[in-house]
Amino acid sequence: MEPTPSIPSYQICVVDIASNFISGVLEPAIVTDLPTSGQLGWTCDWQNLWENSDFDCEAIVKLQVRGQILGLMKFALYPYPTNTPEFLEVLNLEALQGQERSVKPVGLWLLWYAATISLARCSGDDRGTLMQLDAMEVSIEYYRNKVRMEGLGWVSLGTEEKGYAFRFSRLGAAEFCSRTEGRFGAPIRCR
């Protein structure tokens with residue numbers, strides 16, 4: 001099944017290795033966009049994530065620059081089914097690292113996309129959460145210091161792995177979007 005066409009696409013600005021601003025695109029991914037596990041430094045099994053997605057409430061988005069996919073994110077709107085979801089959860093986020101990565105920021109733009117969707121479509125849950133995610137331990141400082149999400153505490157990520165839960169309130173999501181746009185420019189909606 002292909003993703004729903006109601007998900008927007010945006011032209012964004014990223015910075016290359018020589019500190020030049022260049023265009024990139026944030027848009028829904030299709031199955032042929034997704035790498036196989038281990039391909040070009042990707043660690044998530046994106047093909048399996050696609051096969052196990054419910055595109056009625058989930059989506060996979062890509063960040064692409066000059067024809068190369070540099071980041072992928074899977075998110076869901078909850079609760080489902082409902083006309084007005086309460087919050088968005090980032091389920092998986094991966095950006096190419098090292099020499100495979102030619103621009104920055106990749107993760108910030110993917111999170112900007114999620115925050116923008118949550119601001120437009122979600123009402124907030126009873127705790128005021130508009131967007132949430134569980135981060136692996138190695139990513140805690142990124143979400144705490146760069147993204148400036150509110151930490152909620154330790155969680156189990158599966159078998160034996162521990163992670164840390166983060167969230168944005170409506171105000172936190174709006175401030176994050178403003179900071180990102182202020183630094184890299186306002187995205188242009190393509191569709």
# chains A, B, ... in the order shown; residues from 1 in each chain; ligands from 1
>>> closest_atom_pairs(of="range 28-49 of chain A", to="range 5-17 of chain A", cutoff="12 Å", atoms="only C-alpha atoms", output="tab-separated table")
residue	atom	partner	partner_atom	distance
A:Pro28	CA	A:Ile7	CA	6.7
A:Ala29	CA	A:Ser9	CA	10.2
A:Ile30	CA	A:Pro5	CA	11.0
>>> write_last_selection(atoms="N, CA, C and O atoms", output="PDB file, in the first residue's frame")
ATOM      1  N   PRO A  28       6.760  12.768   1.414  1.00  0.00           N
ATOM      2  CA  PRO A  28       6.459  11.366   1.713  1.00  0.00           C
ATOM      3  C   PRO A  28       7.386  10.444   0.926  1.00  0.00           C
ATOM      4  O   PRO A  28       7.693  10.691  -0.235  1.00  0.00           O
ATOM      5  N   ALA A  29       7.839   9.393   1.580  1.00  0.00           N
ATOM      6  CA  ALA A  29       8.658   8.379   0.914  1.00  0.00           C
ATOM      7  C   ALA A  29       7.729   7.358   0.252  1.00  0.00           C
ATOM      8  O   ALA A  29       6.572   7.209   0.642  1.00  0.00           O
ATOM      9  N   ILE A  30       8.257   6.685  -0.748  1.00  0.00           N
ATOM     10  CA  ILE A  30       7.587   5.528  -1.337  1.00  0.00           C
ATOM     11  C   ILE A  30       8.498   4.326  -1.127  1.00  0.00           C
ATOM     12  O   ILE A  30       9.682   4.477  -0.829  1.00  0.00           O
TER      13      ILE A  30
END
>>> select_by_dssp(residues="range 56-127 of chain A", states="strand (DSSP E)", output="PyMOL selection string")
chain A and resi 58-65+68-78+87-95+103-104
>>> write_last_selection(atoms="C-alpha atoms", output="short mmCIF file (atom, residue, chain, number, x, y, z; two decimals), in the first residue's frame")
data_model
loop_
_atom_site.label_atom_id
_atom_site.label_comp_id
_atom_site.auth_asym_id
_atom_site.auth_seq_id
_atom_site.Cartn_x
_atom_site.Cartn_y
_atom_site.Cartn_z
CA GLU A 58 1.32 6.32 9.95
CA ALA A 59 3.68 7.84 7.39
CA ILE A 60 7.30 7.65 6.34
CA VAL A 61 8.93 10.90 5.22
CA LYS A 62 12.27 11.44 3.50
CA LEU A 63 14.72 14.33 3.34
CA GLN A 64 16.34 14.38 -0.08
CA VAL A 65 19.09 16.62 -1.42
CA GLN A 68 20.17 11.48 -2.42
CA ILE A 69 18.03 10.47 0.54
CA LEU A 70 19.83 11.63 3.67
CA GLY A 71 17.17 11.03 6.31
CA LEU A 72 13.99 9.06 6.98
CA MET A 73 11.35 9.31 9.66
CA LYS A 74 8.31 7.20 10.49
CA PHE A 75 5.57 8.76 12.59
CA ALA A 76 2.02 8.02 13.69
CA LEU A 77 -0.99 10.05 14.77
CA TYR A 78 -2.80 8.78 17.89
CA PHE A 87 -0.58 13.65 19.48
CA LEU A 88 2.07 12.60 16.98
CA GLU A 89 4.66 9.99 17.91
CA VAL A 90 7.98 9.75 16.09
CA LEU A 91 8.48 5.99 15.78
CA ASN A 92 11.79 5.89 13.89
CA LEU A 93 14.21 8.57 12.75
CA GLU A 94 17.50 7.98 10.98
CA ALA A 95 19.95 10.29 9.25
CA VAL A 103 24.55 18.44 4.44
CA LYS A 104 23.13 19.50 7.78
#
>>> closest_residue(among="A:Cys190, A:Leu133, A:Thr116, A:Asp54", to="Glu175 in chain A", atoms="only C-alpha atoms")
A:Thr116
>>> closest_residue(among="A:Trp50, A:Tyr80, A:Phe184, A:Phe55", to="Val106 in chain A", atoms="only C-alpha atoms")
A:Phe184
>>> select_by_dssp(residues="range 13-173 of chain A", states="helix (DSSP H, G or I)", output="VMD selection string")
chain A and resid 31 to 33 39 to 41 46 to 51 98 to 100 107 to 121 137 to 146 170 to 173
>>> write_last_selection(atoms="N, CA and C atoms", output="CSV table (one decimal), in the first residue's frame")
chain,number,residue,atom,x,y,z
A,31,VAL,N,8.0,3.2,-1.3
A,31,VAL,CA,8.7,1.9,-0.9
A,31,VAL,C,10.0,1.8,-1.7
A,32,THR,N,10.1,2.3,-2.9
A,32,THR,CA,11.3,2.2,-3.7
A,32,THR,C,12.4,3.2,-3.2
A,33,ASP,N,12.0,4.2,-2.4
A,33,ASP,CA,13.0,5.1,-1.8
A,33,ASP,C,13.8,4.5,-0.7
A,39,GLN,N,22.5,-0.9,3.8
A,39,GLN,CA,22.9,-0.3,2.6
A,39,GLN,C,23.3,1.2,2.9
A,40,LEU,N,24.5,1.5,2.4
A,40,LEU,CA,25.0,2.9,2.5
A,40,LEU,C,25.0,3.4,3.9
A,41,GLY,N,25.2,2.6,4.9
A,41,GLY,CA,25.3,3.0,6.3
A,41,GLY,C,24.0,3.2,7.0
A,46,TRP,N,14.3,-0.3,7.1
A,46,TRP,CA,13.2,0.5,6.6
A,46,TRP,C,12.2,-0.3,5.7
A,47,GLN,N,12.7,-1.3,5.0
A,47,GLN,CA,11.8,-2.1,4.2
A,47,GLN,C,10.7,-2.8,5.1
A,48,ASN,N,11.2,-3.4,6.2
A,48,ASN,CA,10.3,-4.0,7.2
A,48,ASN,C,9.4,-3.0,7.9
A,49,LEU,N,9.9,-1.8,8.2
A,49,LEU,CA,9.1,-0.8,8.8
A,49,LEU,C,8.0,-0.4,7.8
A,50,TRP,N,8.3,-0.4,6.5
A,50,TRP,CA,7.2,-0.1,5.5
A,50,TRP,C,6.2,-1.2,5.5
A,51,GLU,N,6.6,-2.4,5.5
A,51,GLU,CA,5.7,-3.5,5.4
A,51,GLU,C,4.8,-3.6,6.6
A,98,GLY,N,28.5,10.5,9.0
A,98,GLY,CA,29.9,10.4,8.4
A,98,GLY,C,30.0,10.9,7.0
A,99,GLN,N,30.8,10.3,6.2
A,99,GLN,CA,31.1,10.7,4.9
A,99,GLN,C,29.9,10.5,3.9
A,100,GLU,N,28.9,9.7,4.3
A,100,GLU,CA,27.7,9.6,3.5
A,100,GLU,C,26.8,10.8,3.5
A,107,GLY,N,18.3,15.7,10.9
A,107,GLY,CA,17.4,15.4,11.9
A,107,GLY,C,16.5,16.5,12.3
A,108,LEU,N,17.0,17.7,12.4
A,108,LEU,CA,16.2,18.9,12.8
A,108,LEU,C,15.1,19.1,11.8
A,109,TRP,N,15.4,19.0,10.5
A,109,TRP,CA,14.3,19.2,9.5
A,109,TRP,C,13.3,18.1,9.6
A,110,LEU,N,13.7,16.9,9.8
A,110,LEU,CA,12.7,15.8,9.9
A,110,LEU,C,11.8,16.0,11.2
A,111,LEU,N,12.4,16.5,12.3
A,111,LEU,CA,11.6,16.8,13.5
A,111,LEU,C,10.7,18.0,13.2
A,112,TRP,N,11.2,19.0,12.5
A,112,TRP,CA,10.4,20.1,12.1
A,112,TRP,C,9.2,19.7,11.4
A,113,TYR,N,9.3,18.7,10.5
A,113,TYR,CA,8.2,18.2,9.7
A,113,TYR,C,7.2,17.6,10.7
A,114,ALA,N,7.6,16.8,11.6
A,114,ALA,CA,6.7,16.1,12.6
A,114,ALA,C,6.1,17.2,13.5
A,115,ALA,N,6.8,18.2,13.9
A,115,ALA,CA,6.2,19.2,14.7
A,115,ALA,C,5.2,20.0,14.0
A,116,THR,N,5.4,20.3,12.7
A,116,THR,CA,4.5,21.0,11.9
A,116,THR,C,3.2,20.2,11.7
A,117,ILE,N,3.3,18.9,11.4
A,117,ILE,CA,2.1,18.1,11.3
A,117,ILE,C,1.4,18.1,12.6
A,118,SER,N,2.1,17.9,13.7
A,118,SER,CA,1.4,17.9,15.0
A,118,SER,C,0.7,19.2,15.3
A,119,LEU,N,1.3,20.3,15.0
A,119,LEU,CA,0.6,21.6,15.2
A,119,LEU,C,-0.6,21.7,14.4
A,120,ALA,N,-0.6,21.2,13.2
A,120,ALA,CA,-1.7,21.4,12.3
A,120,ALA,C,-2.9,20.4,12.6
A,121,ARG,N,-2.5,19.2,13.0
A,121,ARG,CA,-3.5,18.1,13.1
A,121,ARG,C,-3.9,17.6,14.5
A,137,GLU,N,19.8,5.9,24.1
A,137,GLU,CA,20.7,6.6,25.1
A,137,GLU,C,21.7,7.5,24.4
A,138,VAL,N,22.3,7.1,23.3
A,138,VAL,CA,23.3,7.9,22.6
A,138,VAL,C,22.7,9.2,22.1
A,139,SER,N,21.4,9.3,21.9
A,139,SER,CA,20.8,10.5,21.4
A,139,SER,C,20.2,11.4,22.4
A,140,ILE,N,20.2,11.1,23.6
A,140,ILE,CA,19.6,11.9,24.7
A,140,ILE,C,20.0,13.4,24.6
A,141,GLU,N,21.3,13.6,24.6
A,141,GLU,CA,21.8,15.0,24.6
A,141,GLU,C,21.4,15.8,23.4
A,142,TYR,N,21.3,15.1,22.2
A,142,TYR,CA,20.8,15.8,21.0
A,142,TYR,C,19.3,16.3,21.2
A,143,TYR,N,18.5,15.4,21.7
A,143,TYR,CA,17.1,15.8,21.9
A,143,TYR,C,16.9,16.8,23.0
A,144,ARG,N,17.8,16.7,24.0
A,144,ARG,CA,17.7,17.6,25.2
A,144,ARG,C,18.3,19.0,24.8
A,145,ASN,N,19.4,19.0,24.2
A,145,ASN,CA,20.2,20.3,24.0
A,145,ASN,C,20.0,20.9,22.7
A,146,LYS,N,19.9,20.2,21.6
A,146,LYS,CA,19.8,20.8,20.3
A,146,LYS,C,18.3,21.0,19.9
A,170,ARG,N,2.4,22.1,22.8
A,170,ARG,CA,2.1,23.0,21.6
A,170,ARG,C,3.1,24.1,21.6
A,171,LEU,N,3.3,24.8,22.7
A,171,LEU,CA,4.2,25.9,22.7
A,171,LEU,C,5.7,25.4,22.4
A,172,GLY,N,6.1,24.3,22.9
A,172,GLY,CA,7.4,23.8,22.6
A,172,GLY,C,7.6,23.4,21.1
A,173,ALA,N,6.6,22.8,20.5
A,173,ALA,CA,6.7,22.5,19.1
A,173,ALA,C,6.7,23.8,18.3
>>> atom_distance(atom1="CA of Ala135 in chain A", atom2="CA of Ser178 in chain A")
22.6 Å
>>> closest_residue(among="A:Leu130, A:Cys44, A:Ala174, A:Leu157", to="Leu96 in chain A", atoms="only C-alpha atoms")
A:Cys44
>>> atom_distance(atom1="CA of Asp126 in chain A", atom2="CA of Glu86 in chain A")
8.6 Å
>>> closest_residue(among="A:Thr129, A:Leu152, A:Pro85, A:Trp42", to="Arg101 in chain A", atoms="only C-alpha atoms")
A:Trp42
>>> atom_distance(atom1="CA of Pro81 in chain A", atom2="CA of Val155 in chain A")
25.6 Å
>>> closest_residue(among="A:Ser102, A:Thr82, A:Cys122, A:Pro187", to="Ala18 in chain A", atoms="only C-alpha atoms")
A:Ser102
>>> decode(residues="range 74-90 of chain A", atoms="all heavy atoms", output="mmCIF file, in the first residue's frame")
data_model
loop_
_atom_site.group_PDB
_atom_site.id
_atom_site.type_symbol
_atom_site.label_atom_id
_atom_site.label_comp_id
_atom_site.auth_asym_id
_atom_site.auth_seq_id
_atom_site.Cartn_x
_atom_site.Cartn_y
_atom_site.Cartn_z
ATOM 1 N N LYS A 74 9.650 7.793 10.433
ATOM 2 C CA LYS A 74 8.314 7.197 10.486
ATOM 3 C C LYS A 74 7.603 7.790 11.691
ATOM 4 O O LYS A 74 8.182 7.879 12.774
ATOM 5 C CB LYS A 74 8.392 5.675 10.624
ATOM 6 C CG LYS A 74 7.024 5.007 10.685
ATOM 7 C CD LYS A 74 7.148 3.486 10.780
ATOM 8 C CE LYS A 74 5.777 2.843 10.906
ATOM 9 N NZ LYS A 74 5.852 1.379 10.941
ATOM 10 N N PHE A 75 6.339 8.218 11.480
ATOM 11 C CA PHE A 75 5.566 8.762 12.587
ATOM 12 C C PHE A 75 4.137 8.264 12.505
ATOM 13 O O PHE A 75 3.699 7.738 11.484
ATOM 14 C CB PHE A 75 5.616 10.299 12.618
ATOM 15 C CG PHE A 75 4.952 10.971 11.446
ATOM 16 C CD1 PHE A 75 3.591 11.260 11.463
ATOM 17 C CD2 PHE A 75 5.690 11.339 10.335
ATOM 18 C CE1 PHE A 75 2.972 11.894 10.397
ATOM 19 C CE2 PHE A 75 5.083 11.968 9.253
ATOM 20 C CZ PHE A 75 3.721 12.247 9.290
ATOM 21 N N ALA A 76 3.421 8.429 13.615
ATOM 22 C CA ALA A 76 2.016 8.016 13.692
ATOM 23 C C ALA A 76 1.223 9.073 14.439
ATOM 24 O O ALA A 76 1.757 9.765 15.316
ATOM 25 C CB ALA A 76 1.897 6.675 14.413
ATOM 26 N N LEU A 77 -0.054 9.173 14.088
ATOM 27 C CA LEU A 77 -0.993 10.055 14.770
ATOM 28 C C LEU A 77 -1.887 9.195 15.643
ATOM 29 O O LEU A 77 -2.460 8.208 15.173
ATOM 30 C CB LEU A 77 -1.827 10.838 13.764
ATOM 31 C CG LEU A 77 -1.037 11.785 12.857
ATOM 32 C CD1 LEU A 77 -1.937 12.342 11.759
ATOM 33 C CD2 LEU A 77 -0.410 12.907 13.652
ATOM 34 N N TYR A 78 -2.014 9.561 16.932
ATOM 35 C CA TYR A 78 -2.803 8.778 17.886
ATOM 36 C C TYR A 78 -3.782 9.668 18.633
ATOM 37 O O TYR A 78 -3.506 10.847 18.793
ATOM 38 C CB TYR A 78 -1.892 8.108 18.918
ATOM 39 C CG TYR A 78 -0.951 7.093 18.348
ATOM 40 C CD1 TYR A 78 0.422 7.255 18.475
ATOM 41 C CD2 TYR A 78 -1.418 5.963 17.697
ATOM 42 C CE1 TYR A 78 1.297 6.319 17.966
ATOM 43 C CE2 TYR A 78 -0.538 5.014 17.191
ATOM 44 C CZ TYR A 78 0.804 5.202 17.321
ATOM 45 O OH TYR A 78 1.678 4.273 16.820
ATOM 46 N N PRO A 79 -4.854 9.141 19.174
ATOM 47 C CA PRO A 79 -5.326 7.775 18.941
ATOM 48 C C PRO A 79 -5.939 7.643 17.553
ATOM 49 O O PRO A 79 -6.349 8.633 16.952
ATOM 50 C CB PRO A 79 -6.380 7.557 20.031
ATOM 51 C CG PRO A 79 -6.883 8.924 20.343
ATOM 52 C CD PRO A 79 -5.733 9.874 20.090
ATOM 53 N N TYR A 80 -5.984 6.422 17.071
ATOM 54 C CA TYR A 80 -6.572 6.117 15.781
ATOM 55 C C TYR A 80 -7.594 5.014 15.974
ATOM 56 O O TYR A 80 -7.334 4.089 16.730
ATOM 57 C CB TYR A 80 -5.491 5.667 14.785
ATOM 58 C CG TYR A 80 -6.097 5.242 13.468
ATOM 59 C CD1 TYR A 80 -6.478 6.196 12.546
ATOM 60 C CD2 TYR A 80 -6.322 3.904 13.181
ATOM 61 C CE1 TYR A 80 -7.070 5.819 11.356
ATOM 62 C CE2 TYR A 80 -6.910 3.521 11.997
ATOM 63 C CZ TYR A 80 -7.283 4.476 11.087
ATOM 64 O OH TYR A 80 -7.867 4.119 9.915
ATOM 65 N N PRO A 81 -8.739 5.016 15.369
ATOM 66 C CA PRO A 81 -9.247 6.067 14.481
ATOM 67 C C PRO A 81 -9.942 7.176 15.270
ATOM 68 O O PRO A 81 -10.618 6.931 16.256
ATOM 69 C CB PRO A 81 -10.256 5.338 13.613
ATOM 70 C CG PRO A 81 -10.766 4.220 14.477
ATOM 71 C CD PRO A 81 -9.628 3.845 15.390
ATOM 72 N N THR A 82 -9.755 8.376 14.815
ATOM 73 C CA THR A 82 -10.442 9.548 15.359
ATOM 74 C C THR A 82 -10.327 10.665 14.335
ATOM 75 O O THR A 82 -9.399 10.675 13.523
ATOM 76 C CB THR A 82 -9.830 9.978 16.705
ATOM 77 O OG1 THR A 82 -10.557 11.083 17.212
ATOM 78 C CG2 THR A 82 -8.382 10.356 16.583
ATOM 79 N N ASN A 83 -11.248 11.593 14.377
ATOM 80 C CA ASN A 83 -11.178 12.722 13.445
ATOM 81 C C ASN A 83 -10.093 13.709 13.825
ATOM 82 O O ASN A 83 -9.514 14.356 12.973
ATOM 83 C CB ASN A 83 -12.530 13.445 13.387
ATOM 84 C CG ASN A 83 -13.582 12.625 12.676
ATOM 85 O OD1 ASN A 83 -13.269 11.771 11.858
ATOM 86 N ND2 ASN A 83 -14.834 12.871 13.008
ATOM 87 N N THR A 84 -9.830 13.840 15.118
ATOM 88 C CA THR A 84 -8.793 14.750 15.585
ATOM 89 C C THR A 84 -7.836 13.998 16.496
ATOM 90 O O THR A 84 -8.134 13.764 17.665
ATOM 91 C CB THR A 84 -9.400 15.940 16.359
ATOM 92 O OG1 THR A 84 -10.384 16.564 15.548
ATOM 93 C CG2 THR A 84 -8.322 16.946 16.733
ATOM 94 N N PRO A 85 -6.677 13.600 15.973
ATOM 95 C CA PRO A 85 -5.709 12.912 16.831
ATOM 96 C C PRO A 85 -5.211 13.849 17.931
ATOM 97 O O PRO A 85 -5.198 15.068 17.767
ATOM 98 C CB PRO A 85 -4.584 12.521 15.874
ATOM 99 C CG PRO A 85 -4.797 13.291 14.635
ATOM 100 C CD PRO A 85 -6.203 13.762 14.609
ATOM 101 N N GLU A 86 -4.792 13.265 19.042
ATOM 102 C CA GLU A 86 -4.294 14.049 20.163
ATOM 103 C C GLU A 86 -2.809 14.384 20.022
ATOM 104 O O GLU A 86 -2.390 15.479 20.343
ATOM 105 C CB GLU A 86 -4.519 13.293 21.473
ATOM 106 C CG GLU A 86 -5.977 13.159 21.828
ATOM 107 C CD GLU A 86 -6.204 12.353 23.101
ATOM 108 O OE1 GLU A 86 -5.212 11.875 23.712
ATOM 109 O OE2 GLU A 86 -7.373 12.204 23.479
ATOM 110 N N PHE A 87 -2.012 13.407 19.559
ATOM 111 C CA PHE A 87 -0.578 13.648 19.481
ATOM 112 C C PHE A 87 0.048 12.846 18.351
ATOM 113 O O PHE A 87 -0.527 11.902 17.826
ATOM 114 C CB PHE A 87 0.112 13.320 20.816
ATOM 115 C CG PHE A 87 0.066 11.864 21.197
ATOM 116 C CD1 PHE A 87 1.122 11.015 20.894
ATOM 117 C CD2 PHE A 87 -1.038 11.344 21.863
ATOM 118 C CE1 PHE A 87 1.068 9.679 21.241
ATOM 119 C CE2 PHE A 87 -1.091 10.009 22.226
ATOM 120 C CZ PHE A 87 -0.033 9.171 21.911
ATOM 121 N N LEU A 88 1.253 13.278 17.983
ATOM 122 C CA LEU A 88 2.068 12.596 16.981
ATOM 123 C C LEU A 88 3.217 11.924 17.723
ATOM 124 O O LEU A 88 3.829 12.530 18.601
ATOM 125 C CB LEU A 88 2.606 13.614 15.974
ATOM 126 C CG LEU A 88 3.509 13.091 14.868
ATOM 127 C CD1 LEU A 88 3.289 13.917 13.596
ATOM 128 C CD2 LEU A 88 4.966 13.101 15.250
ATOM 129 N N GLU A 89 3.502 10.684 17.355
ATOM 130 C CA GLU A 89 4.658 9.990 17.915
ATOM 131 C C GLU A 89 5.650 9.686 16.805
ATOM 132 O O GLU A 89 5.296 9.104 15.781
ATOM 133 C CB GLU A 89 4.265 8.690 18.603
ATOM 134 C CG GLU A 89 5.466 8.006 19.235
ATOM 135 C CD GLU A 89 5.119 6.772 20.050
ATOM 136 O OE1 GLU A 89 3.962 6.317 20.017
ATOM 137 O OE2 GLU A 89 6.037 6.270 20.729
ATOM 138 N N VAL A 90 6.899 10.113 17.007
ATOM 139 C CA VAL A 90 7.977 9.748 16.092
ATOM 140 C C VAL A 90 8.385 8.331 16.456
ATOM 141 O O VAL A 90 8.835 8.079 17.577
ATOM 142 C CB VAL A 90 9.170 10.720 16.204
ATOM 143 C CG1 VAL A 90 10.336 10.239 15.346
ATOM 144 C CG2 VAL A 90 8.747 12.129 15.816
#
